[in-house]
Amino acid sequence: MTYFLKSQSMKKLLCNLPRFVLWIAFLLIIESYVTLQAQTSSSNNSSKAISGKIVDETDLPIAGATVQVKGSTKGAISDIDGLFTISSEPGSILIFSFLGYQSIEYKIDKVPQTIKLLPKVDELDEVTVVGFAKQKKESVIGAISTLKPERLKIPTSNLTQALGGNVAGVISYQLSGEPGNDNVEFFIRGVTTFGYSKSPLILIDNIESSTTDLSRLSADDIAAFSIMKDATATAIYGARGANGVILITTKQGKPGKVKISARVEGSLSAPTKRIDMVDPISYMKYHNEAVLTRNPLAVRPHTDEKIASTIAGKNPYVYPAVDWYNELFNDNVFNSRANINMSGGSETARYYVSLGISDDNGIMKVDKRNNYNSNIDLKKIYVRSNIDIDVTKTTTFSVKFSGNFDDYTGPIVSGNDLYRRAMATSPVLFPKYYMPDENHTSTSHILFGNAGDGNYINPYAEMIRGYKQYTNSVISAQAELNQKLDFITPGLSIKVFASTTRNSYSGQQRSTSPFYYSISYYDKLTDTYTLRELNPNGGREDLDYTAEGNQVSSSYYYEASLNYNRTFREKHNITGLLVGVLRENKSGGASSIQTSLPARNIGLSGRFTYAYDGRYFAEANFGYNGSERFAKNERFGLFPSIGAGWMISEEKFWNQDLKNIINKLKLKGTYGLVGNDNIGAWNDRFFYMSEVNLNGSGANFSWGQDFERNVGTIDMIRYRNDKIKWEIAQKMNLGLEVGLFNIFDIQFDYFTEYRKNIFGERQTIPYEMGFSAPLYANKGEASSHGFEVQVDANHAFNKNFWLGVRGNFTYATGKYEHVEEPYRPYPWLSHIGKRINQTYGLIAERLFIDEEDIANSPVQTYGEYMPGDIKYKDVNNDGIINDEDIVPIGISSSPEIVYGFGVSMGYKNFDISCFFQGAARSSFFINSKATNPFMQMDFGGNNLNGMMQAYADDYWSESNRNIYATFPRLSTTDIANNNRNSTWWLRDGSYLRLKSVEIGYTLPKRLTSHLGMSNLRIYASGLNLFAWNRFKLWDVEQGNDGMQYPIQAVYNFGINLSF
């Protein structure tokens, strides 16, 4: 590459090479045309003349298509109308071809009047990326879903947000919209274990990556995106594939002239839904009622004079009426993204390089009196370089480099916590800050409002009192050498692969200590006040500095594989693969001696496939892995899998009439075992070793005067267990693939899974045995099952109009088969047979009517309660409401059903698409304590919760004794009876969301060519635009904790350029 760039003459040659090629091709076509015409005119009388028309996929004529007699130089070329005429001997075969289209062959006596040529597809459209290899799509029998990269291009810099509903088998949900904390949680085929690890393995160019690494990946750089779900697809990964595998391959260069593509986007982001709060006047009235309804003799916190003065709009510092949300947050924020990539090369060397940048901002406001910005500003830069070099005709050397670089600035308190504190602060207790009184006119710091002794949370002060910063860099480098060994036997090759990844983190924060004030005296006549400083010795004006430390983690990965792929007698295809891997991880910022040690594992995997005549398929895989976490007798595990497939539509009895309707029909089935060694916490690495603290504090011995002398004791932290072993997943999959009318592509899979050896703490060991640390064992078992359907359809009606529809549906559920648990007196208290993510709680019958109702009801043991508080059902009929009355209620805390559907269409140069995402069969509890007005939350300081408008709209009161009101009787203290998880707070988590919409216009080629571009497209798009659901308080996808940074709706404008 260096030589070519430095050689000016070679650069000129490369620049002019496309012109030379076009001229030569033109001359060759003319020559071929003259020669073929001469041959046609001189053919003898025994030749058979054939005429017809050649068209493309939209039935438009193709001019210049070649018609050639197979095995000879005789041929013809279609004219401007696609018409051709050719003569040949009976029994000969004609080949129809054109540049950029797939060739097709016909016997001369079976040539149709109209020959349709289809465009050539990219190699990755014809194959599926599987573990350590690629397979032809028709031969794949594992449960592998592929996602087209263009479907991942949504207006966000976080790729994980594009997964929900986009592909069958992926269960996902998003809890927060805070930049840097907005990753989507996702599982493959649901939650199938109650063990420690539930997340899938993510591989980007064969490098094990985190969810954050995936979120930073640009959709523009992705060539193939595969989700591997069953044992045949994942067993080859052995210890890492039990929870499924996401396998991503980035783009590589192709021979040809340089291609440059760029994409630039700018967008406005705003919360999908804002929680409505009552106005300050109503807040005071309801607060008074909350105090008096529990104690009629109590003093009202807000006097009539205060309420009247606030209504009159008198001095807002004396009579504050603060909308904390509006004081802290903007309505929307501008974000931007850009990507540019370049590819090209020769037959010998090819390259693909890309650079991207995004700038995501928070919705927090900035105080201009500070000389710093405390709003969230997350800048992300990513680079990628993929180079492939054909060293010889049989040797290819590839080098890949990638880097993700995050620069974050944000408030000391996270965006999630700021949002919670804004919702949990009284609007009438104090203002966000005071204007100086006559004693503080020369004060340089901000006079933040507070109350009492200054121990209340002022969310505005928390937001602007400083900022924190961090930089995070993830750099990966890999090298790969492929060597064909055809000189030994055709189809044999070897590959050697090595990679390293370095993750570096450095953080710091700079903060002040706010000065808090309250009003000590107010002169109503002059409308002036005197301030009292609440923390004169606790405030600080200057920014201090706190280092969060530097952490550097690294990983090394080595792989060697032997590959075999050969077809015998045109019908028997055999492939083989043998892979050895070695992996080492070094953790930065380790907190214990166990985590400070390098983590290593080793594995040997293999695959064998056989295909006969494109009809019958068989496959066997195995993974043999070793893990450092287990004792020698349990260290290695063997995880085999088998599968078979039958392409019924390729059978001879499947005639053309059937193929015109059902063009594809395939059955497939797989079964196998997959292992998981990621059990227990990371601190529990070596289960076969005891952990002892020789200077513990569990039972100190003290003596001397005033017992001032202490000697630590020996504390047992963990007992060794040589029998801890692999968690094993037994997976079965039955699949059906159907193609209809050459338009619809349908895939259906039914799957089951049985997990055994699930790691967990022993629950049946009596305390009397004297163990001082928990005991663990592989005692758990769980099962899961479900099905998934995916439908794709695309059709071009003519050259101006095309239409595509797609949809997918996934149902997955799991349950406990066995779990060690203490004695349960009632069957509903046991987890066995219940869903893995089952929600549990009391059954709420209604609200108590009056004291007589309370007296005639079973005793509830969760603290005091009154009429208007929640009444629970006595499930076991023992006359007492306690934890023995807790039963399974609702469905699952994570969705058991996810689905998505969309449509896209184009007319001439316009295109439009929309996509809907949905989830069903999920339940969650409203966090009753966090949403209860006037309550105190644990924020490290005092607070009084705000009041949601929904609470004010429907709650029990003396004037509204509705025993089925949405919310119980008001209170200013924690009424433990009402804050239990119960059906009263249970809500349906189902929703349907308009996930994305995009409309675009591509400029005509005649215009872009004048601008020196090959393509120019402008578009407008949106994300998370609208949702339909029963729950109305906040965005239902956030579940029970809507009191945090909201999910963002995005309104975007972008432009695509290609050169």
# chains A, B, ... in the order shown; residues from 1 in each chain; ligands from 1

$ residues_around --residues "Ser959 in chain A" --least-positions-apart "6" --cutoff "12 Å" --atoms "only C-alpha atoms" --output "PyMOL selection string"
chain A and resi 289+293+868+969

$ write_last_selection --atoms "C-alpha atoms" --output "PDB file, in the first residue's frame"
ATOM      1  CA  GLU A 289     -55.068  16.967  53.610  1.00  0.00           C
ATOM      2  CA  THR A 293     -56.357  12.703  57.198  1.00  0.00           C
ATOM      3  CA  GLY A 868     -58.828   3.996  52.632  1.00  0.00           C
ATOM      4  CA  ARG A 969     -55.535   7.337  51.389  1.00  0.00           C
TER       5      ARG A 969
END

$ residues_around --residues "Asn876 in chain A" --least-positions-apart "5" --cutoff "10 Å" --atoms "only C-alpha atoms" --output "MDAnalysis selection string"
chainID A and resid 825:826 828 881:882 884:886

$ write_last_selection --atoms "N, CA and C atoms" --output "PDB file, in the first residue's frame"
ATOM      1  N   PRO A 825     -44.548 -23.867  53.670  1.00  0.00           N
ATOM      2  CA  PRO A 825     -45.756 -24.512  54.180  1.00  0.00           C
ATOM      3  C   PRO A 825     -46.898 -24.579  53.164  1.00  0.00           C
ATOM      4  N   TYR A 826     -46.799 -23.750  52.115  1.00  0.00           N
ATOM      5  CA  TYR A 826     -47.871 -23.743  51.125  1.00  0.00           C
ATOM      6  C   TYR A 826     -47.267 -23.815  49.725  1.00  0.00           C
ATOM      7  N   TRP A 828     -47.918 -22.363  46.928  1.00  0.00           N
ATOM      8  CA  TRP A 828     -47.744 -21.118  46.176  1.00  0.00           C
ATOM      9  C   TRP A 828     -46.487 -20.341  46.592  1.00  0.00           C
ATOM     10  N   ILE A 881     -52.739 -11.686  57.721  1.00  0.00           N
ATOM     11  CA  ILE A 881     -52.120 -11.350  56.437  1.00  0.00           C
ATOM     12  C   ILE A 881     -50.636 -11.131  56.673  1.00  0.00           C
ATOM     13  N   ASN A 882     -49.812 -12.038  56.105  1.00  0.00           N
ATOM     14  CA  ASN A 882     -48.362 -11.914  56.218  1.00  0.00           C
ATOM     15  C   ASN A 882     -47.719 -12.475  54.950  1.00  0.00           C
ATOM     16  N   GLU A 884     -46.864 -15.276  54.149  1.00  0.00           N
ATOM     17  CA  GLU A 884     -47.360 -16.565  53.699  1.00  0.00           C
ATOM     18  C   GLU A 884     -48.554 -16.420  52.762  1.00  0.00           C
ATOM     19  N   ASP A 885     -49.036 -15.213  52.595  1.00  0.00           N
ATOM     20  CA  ASP A 885     -50.136 -14.949  51.671  1.00  0.00           C
ATOM     21  C   ASP A 885     -49.644 -14.382  50.343  1.00  0.00           C
ATOM     22  N   ILE A 886     -48.339 -14.317  50.174  1.00  0.00           N
ATOM     23  CA  ILE A 886     -47.767 -13.846  48.905  1.00  0.00           C
ATOM     24  C   ILE A 886     -47.869 -14.954  47.872  1.00  0.00           C
TER      25      ILE A 886
END

$ closest_residue --among "A:Ile387, A:Leu163, A:Met716, A:Leu578" --to "Gly770 in chain A" --atoms "only C-alpha atoms"
A:Met716

$ closest_residue --among "A:Lys659, A:Arg510, A:Arg465, A:Arg566" --to "Ala547 in chain A" --atoms "only C-alpha atoms"
A:Arg510

$ closest_residue --among "A:Ala63, A:Leu485, A:Met228, A:Ile340" --to "Thr394 in chain A" --atoms "only C-alpha atoms"
A:Leu485

$ closest_residue --among "A:Val692, A:Gly735, A:Ile854, A:Leu740" --to "Tyr719 in chain A" --atoms "only C-alpha atoms"
A:Val692

$ select_by_dssp --residues "range 835-871 of chain A" --states "helix (DSSP H, G or I)" --output "PyMOL selection string"
chain A and resi 851-855

$ residues_around --residues "Asn537 in chain A" --least-positions-apart "5" --cutoff "12 Å" --atoms "only C-alpha atoms" --output "list of chain:residue names"
A:Gly454, A:Ser513, A:Pro514, A:Phe515, A:Tyr516

$ write_last_selection --atoms "N, CA and C atoms" --output "PDB file, in the first residue's frame"
ATOM      1  N   GLY A 454     -30.626  22.898  56.471  1.00  0.00           N
ATOM      2  CA  GLY A 454     -29.911  22.796  55.201  1.00  0.00           C
ATOM      3  C   GLY A 454     -29.687  21.375  54.750  1.00  0.00           C
ATOM      4  N   SER A 513     -19.102  22.829  47.049  1.00  0.00           N
ATOM      5  CA  SER A 513     -20.081  22.495  48.081  1.00  0.00           C
ATOM      6  C   SER A 513     -21.048  23.661  48.165  1.00  0.00           C
ATOM      7  N   PRO A 514     -22.314  23.462  47.788  1.00  0.00           N
ATOM      8  CA  PRO A 514     -23.253  24.594  47.730  1.00  0.00           C
ATOM      9  C   PRO A 514     -23.439  25.271  49.084  1.00  0.00           C
ATOM     10  N   PHE A 515     -23.619  26.578  49.022  1.00  0.00           N
ATOM     11  CA  PHE A 515     -23.997  27.364  50.195  1.00  0.00           C
ATOM     12  C   PHE A 515     -25.521  27.439  50.225  1.00  0.00           C
ATOM     13  N   TYR A 516     -26.122  26.977  51.319  1.00  0.00           N
ATOM     14  CA  TYR A 516     -27.578  26.933  51.412  1.00  0.00           C
ATOM     15  C   TYR A 516     -28.096  28.049  52.325  1.00  0.00           C
TER      16      TYR A 516
END

$ closest_residue --among "A:Ile115, A:Leu986, A:Ala422, A:Ala611" --to "Met364 in chain A" --atoms "only C-alpha atoms"
A:Ala422

$ closest_residue --among "A:Asn373, A:Ser385, A:Asn565, A:Ser402" --to "Tyr467 in chain A" --atoms "only C-alpha atoms"
A:Asn373
